[in-house]
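J.: Attaching a single structure in structure tokens format; questions to follow.
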Protein chains: 2
Amino acid sequence: MSAPRRPQQERSTLTRSRILEAAYATLVEDGHGATTVGRVQERAGVARGTLLHHFPTRSALMAGVVEDVIERRLDLLAAAGTNDATAGWDEVVDLVWAELQSPPFAAALELWVAARTDADLREALRPLQDRIFVTVHRGVTGLVGADGDRVPMLVQFTIDLLTGTHLAGILHPRPGADAVVEAWKAAVVELAGDA
Amino acid sequence: MSAPRRPQQERSTLTRSRILEAAYATLVEDGHGATTVGRVQERAGVARGTLLHHFPTRSALMAGVVEDVIERRLDLLAAAGTNDATAGWDEVVDLVWAELQSPPFAAALELWVAARTDADLREALRPLQDRIFVTVHRGVTGLVGADGDRVPMLVQFTIDLLTGTHLAGILHPRPGADAVVEAWKAAVVELAGDA
DNA sequence: ACCTTATCAGTCCGATCGGACGGTTTCTCT
DNA sequence: AGAGAAACCGTCCGATCGGACTGATAAGGT
């Protein structure tokens with residue numbers, strides 16, 4: 001009785017976010033294939049019709065998750081980029097490497113690979129890909145300071161290389177992964193120095 | 001009547017390879033989730049019982065595909081490594097880049113990501129991961145010539161970086177991908193030169 | 001020539017998938 | 001206060017999933 005007043009819209013967005021949270025968690029824990037409507041509905045604690053009301057189809061649900069995951073990744077990067085202290089390449093490498101270990105990236109990878117053979121998902125993912133690409137580049141470039149024409153390419157190198165390193169270590173966490181990261185820190189400084 | 005004589009074992013292995021071929025093709029075209037027993041059986045042109053006789057369960061089928069895919073990738077690399085001509089880094093980068101564009105890698109990526117949340121698949125993939133890792137390193141290192149202590153790490157850089165670049169271009173073939181590859185050719189020579 | 005054994009074939013079953021639908025509650029607007 | 005819209009709920013359905021099962025056929029050993 002104290003607070004029965006809940007604006008309709010507020011309840012709606014709350015339910016919606018609970019569904020997205022459940023879908024995101026299922027995606028990270030069980031993968032794309034196991035992220036069924038039934039499991040998400042059960043995990044979110046809502047009725048089947050409720051989920052279907054917010055997301056008429058499974059594709060719509062996945063599209064919603066896509067935006068959610070993108071925002072989680074952007075938040076993560078933005079939070080890490082707040083320390084404006086003139087950071088060097090070491091910190092940049094560590095930052096990118098840390099982001100790759102996070103659950104949001106695991107979710108993004110699931111969606112990424114699934115999108116290769118899923119037209120709907122691919123269409124939902126496409127516009128957001130560019131968005132995160134630009135944001136990451138701007139953030140990272142801002143951290144390292146644009147001292148040279150080669151910086152954008154070096155940033156690209158760093159992102160791509162660490163992504164590949166991470167991917168190779170998904171199955172069993174390769175012990176040599178950290179050594180690669182450390183070696184790259186030295187290499188990128190070397191490349192940046194010869195500008 | 002001309003050749004009704006077919007040794008039992010020969011027919012068996014032929015049927016088995018047809019099933020694997022169908023499973024592989026489905027994996028590349030439709031992805032891991034859509035690679036169902038029914039579709040593979042249909043595509044291979046065998047009866048349901050036949051497939052189930054060779055592979056008692058879906059996991060067993062996937063495990064078989066894993067070995068098949070690994071062999072395809074190894075064959076591809078071995079075939080490319082036959083030109084013993086002392087190749088430089090340019091050729092190495094081109095070789096790795098080409099292998100990443102091939103269907104077998106697409107299949108491997110599907111299995112890779114799926115294995116993250118599939119214990120059976122992960123178990124089947126683990127021993128073969130080391131095998132392909134060693135083979136690729138040995139082959140690539142042999143091509144470039146072991147002139148320096150840093151070569152193994154540079155090979156690792158090349159593989160990881162190109163893998164990441166390729167992954168980023170899965171959705172829409174990024175136009176900048178080739179530029180990254182070309183820039184890396186120059187960068188890796190620069191790194192190798194300062195040994 | 002017989003019998004064992006392995007390959008191939010087709011049907012059936014329980015579970016679960018995505019999605020459709022009608023009914024009920026709760027907010028909002030006039 | 002009353003009408004209308006929107007959020008929510010639960011049940012049902014056709015399709016399809018992985019897998020079990022029983023026969024039919026043909027090869028290989030004796």
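Following the order of the structure tokens, chains are lettered A, B, ..., residues in each are numbered from 1, and ligands are numbered from 1.
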Pull out every residue of chain D sitting within 12 Å of chain A, counting only C-alpha atoms (C1' of nucleotides), and send them as an mmCIF file with C-alpha atoms (C1' of nucleotides), in the first residue's frame.

T.:
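Saved as iface07.cif:
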data_model
loop_
_atom_site.group_PDB
_atom_site.id
_atom_site.type_symbol
_atom_site.label_atom_id
_atom_site.label_comp_id
_atom_site.auth_asym_id
_atom_site.auth_seq_id
_atom_site.Cartn_x
_atom_site.Cartn_y
_atom_site.Cartn_z
ATOM 1 C "C1'" DA D 5 -4.991 1.362 -24.166
ATOM 2 C "C1'" DA D 6 -1.154 -1.014 -22.631
ATOM 3 C "C1'" DA D 7 1.238 -4.377 -19.776
ATOM 4 C "C1'" DC D 8 0.926 -8.904 -18.230
ATOM 5 C "C1'" DC D 9 -0.285 -13.833 -17.963
ATOM 6 C "C1'" DG D 10 -0.945 -18.810 -19.195
ATOM 7 C "C1'" DT D 11 -2.277 -22.306 -22.427
#

J.: Please extract the residues of chain A with a backbone DSSP assignment of helix (DSSP H, G or I) and present them as an MDAnalysis selection string.

T.: chainID A and resid 8:30 37:44 48:54 58:80 89:101 103:115 119:144 151:168 177:193

J.: Between CA of Val92 (chain B) and CA of Met153 (chain B), what is the distance, to one decimal in Å?

T.: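 Separating CA of Val92 (chain B) from CA of Met153 (chain B) is a distance of 13.9 Å.
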
J.: Report as a PyMOL selection string all protein, DNA and RNA residues lying within 7 Å of region 32-40 of chain B, evaluated on only C-alpha atoms (C1' of nucleotides), omitting residues in the same chain fewer than 3 positions from it.

T.: (chain A and resi 33) or (chain B and resi 19+22-23+26-27+43-44+58+110-111)

J.: Could you please tell me, as a PyMOL selection string, which residues of chain A have an atom within 9 Å of chain B when using only C-alpha atoms?

T.: chain A and resi 28-34+109-110+112-118+122+125-126+129+153+156-168+170-172+180+183-184+187+190-191

J.: Kindly save the residues from that selection, with C-alpha atoms included, as a CSV table (one decimal), in the first residue's frame.

T.:
chain,number,residue,atom,x,y,z
A,28,VAL,CA,27.3,-15.6,-21.8
A,29,GLU,CA,26.8,-18.8,-19.8
A,30,ASP,CA,25.2,-21.1,-22.3
A,31,GLY,CA,25.9,-19.6,-25.7
A,32,HIS,CA,23.8,-18.5,-28.6
A,33,GLY,CA,22.2,-21.8,-29.5
A,34,ALA,CA,21.0,-22.4,-25.9
A,109,LEU,CA,31.6,-12.9,-29.8
A,110,GLU,CA,28.6,-15.3,-29.6
A,112,TRP,CA,29.3,-12.1,-34.0
A,113,VAL,CA,29.8,-15.6,-35.0
A,114,ALA,CA,26.1,-16.4,-35.1
A,115,ALA,CA,25.5,-13.4,-37.3
A,116,ARG,CA,27.6,-15.0,-40.0
A,117,THR,CA,24.8,-17.4,-40.8
A,118,ASP,CA,21.8,-15.4,-39.5
A,122,ARG,CA,23.6,-9.6,-39.1
A,125,LEU,CA,24.5,-5.9,-35.7
A,126,ARG,CA,25.8,-4.0,-38.6
A,129,GLN,CA,29.6,-2.4,-35.3
A,153,MET,CA,47.1,1.9,-37.4
A,156,GLN,CA,44.2,-1.1,-35.0
A,157,PHE,CA,47.1,-3.5,-34.7
A,158,THR,CA,46.7,-3.6,-30.9
A,159,ILE,CA,43.0,-4.3,-31.0
A,160,ASP,CA,43.2,-7.0,-33.7
A,161,LEU,CA,46.2,-8.7,-32.3
A,162,LEU,CA,44.8,-8.9,-28.8
A,163,THR,CA,41.5,-10.1,-30.1
A,164,GLY,CA,43.3,-13.0,-31.9
A,165,THR,CA,45.3,-13.8,-28.9
A,166,HIS,CA,42.3,-13.9,-26.7
A,167,LEU,CA,40.4,-16.1,-29.2
A,168,ALA,CA,43.2,-18.7,-29.2
A,170,ILE,CA,39.2,-19.5,-25.2
A,171,LEU,CA,39.4,-23.3,-24.9
A,172,HIS,CA,42.1,-23.7,-22.4
A,180,VAL,CA,52.4,-12.3,-26.0
A,183,ALA,CA,56.0,-8.7,-25.9
A,184,TRP,CA,53.5,-6.6,-27.8
A,187,ALA,CA,56.9,-4.0,-29.9
A,190,GLU,CA,59.3,0.3,-30.9
A,191,LEU,CA,57.0,0.9,-33.8

J.: At a cut-off of 10 Å, list the chain C residues touching chain A, using only C-alpha atoms (C1' of nucleotides), as a list in words.

T.: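 Taking only C-alpha atoms (C1' of nucleotides) into account, DT16, DC17, DG18, DG19, DC21, DT26, DC27 and DT28 of chain C sit within 10 Å of chain A.
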
J.: Could you state the separation of CA of Ala108 (chain B) and CA of Glu71 (chain B) in Å, given to one decimal place?

T.: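 CA of Ala108 (chain B) sits 11.0 Å away from CA of Glu71 (chain B).
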
J.: For DG14 (chain C), list every protein, DNA or RNA residue within 12 Å, evaluated using only C-alpha atoms (C1' of nucleotides), and leave out those in the same chain fewer than 5 positions away; present the list as a list in words.

T.: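 Those residues are DC17, DG18, DG19 and DA20 of chain D.
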
J.: Could those selected residues go to a file with N, CA and C atoms (P, O5', C5', C4', C3', O3' and C1' of nucleotides), as an mmCIF file, in the first residue's frame?

T.:
data_model
loop_
_atom_site.group_PDB
_atom_site.id
_atom_site.type_symbol
_atom_site.label_atom_id
_atom_site.label_comp_id
_atom_site.auth_asym_id
_atom_site.auth_seq_id
_atom_site.Cartn_x
_atom_site.Cartn_y
_atom_site.Cartn_z
ATOM 1 P P DC D 17 15.259 -30.368 -37.426
ATOM 2 O "O5'" DC D 17 16.060 -30.735 -36.110
ATOM 3 C "C5'" DC D 17 16.269 -29.713 -35.129
ATOM 4 C "C4'" DC D 17 16.263 -30.320 -33.740
ATOM 5 C "C3'" DC D 17 17.020 -31.620 -33.606
ATOM 6 O "O3'" DC D 17 18.398 -31.358 -33.425
ATOM 7 C "C1'" DC D 17 14.942 -31.713 -32.409
ATOM 8 P P DG D 18 19.473 -32.427 -33.903
ATOM 9 O "O5'" DG D 18 19.475 -33.465 -32.712
ATOM 10 C "C5'" DG D 18 19.741 -33.009 -31.400
ATOM 11 C "C4'" DG D 18 19.494 -34.107 -30.401
ATOM 12 C "C3'" DG D 18 20.368 -35.349 -30.599
ATOM 13 O "O3'" DG D 18 20.791 -35.835 -29.337
ATOM 14 C "C1'" DG D 18 18.078 -35.944 -30.786
ATOM 15 P P DG D 19 21.898 -37.005 -29.280
ATOM 16 O "O5'" DG D 19 21.006 -38.328 -29.225
ATOM 17 C "C5'" DG D 19 20.108 -38.503 -28.148
ATOM 18 C "C4'" DG D 19 19.150 -39.632 -28.446
ATOM 19 C "C3'" DG D 19 19.785 -40.992 -28.772
ATOM 20 O "O3'" DG D 19 19.543 -41.882 -27.687
ATOM 21 C "C1'" DG D 19 17.892 -40.535 -30.114
ATOM 22 P P DA D 20 20.087 -43.373 -27.741
ATOM 23 O "O5'" DA D 20 18.748 -44.229 -27.963
ATOM 24 C "C5'" DA D 20 17.604 -43.959 -27.142
ATOM 25 C "C4'" DA D 20 16.484 -44.930 -27.485
ATOM 26 C "C3'" DA D 20 16.937 -46.388 -27.650
ATOM 27 O "O3'" DA D 20 15.984 -47.262 -27.054
ATOM 28 C "C1'" DA D 20 15.944 -45.627 -29.676
#

J.: So which one's closest to DT22 (chain D), C:DT25, C:DT11, C:DT5, C:DT30? Using only C-alpha atoms (C1' of nucleotides), please.

T.: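 Checking each of C:DT25, C:DT11, C:DT5, C:DT30 against DT22 (chain D), counting only C-alpha atoms (C1' of nucleotides), the winner is C:DT11.
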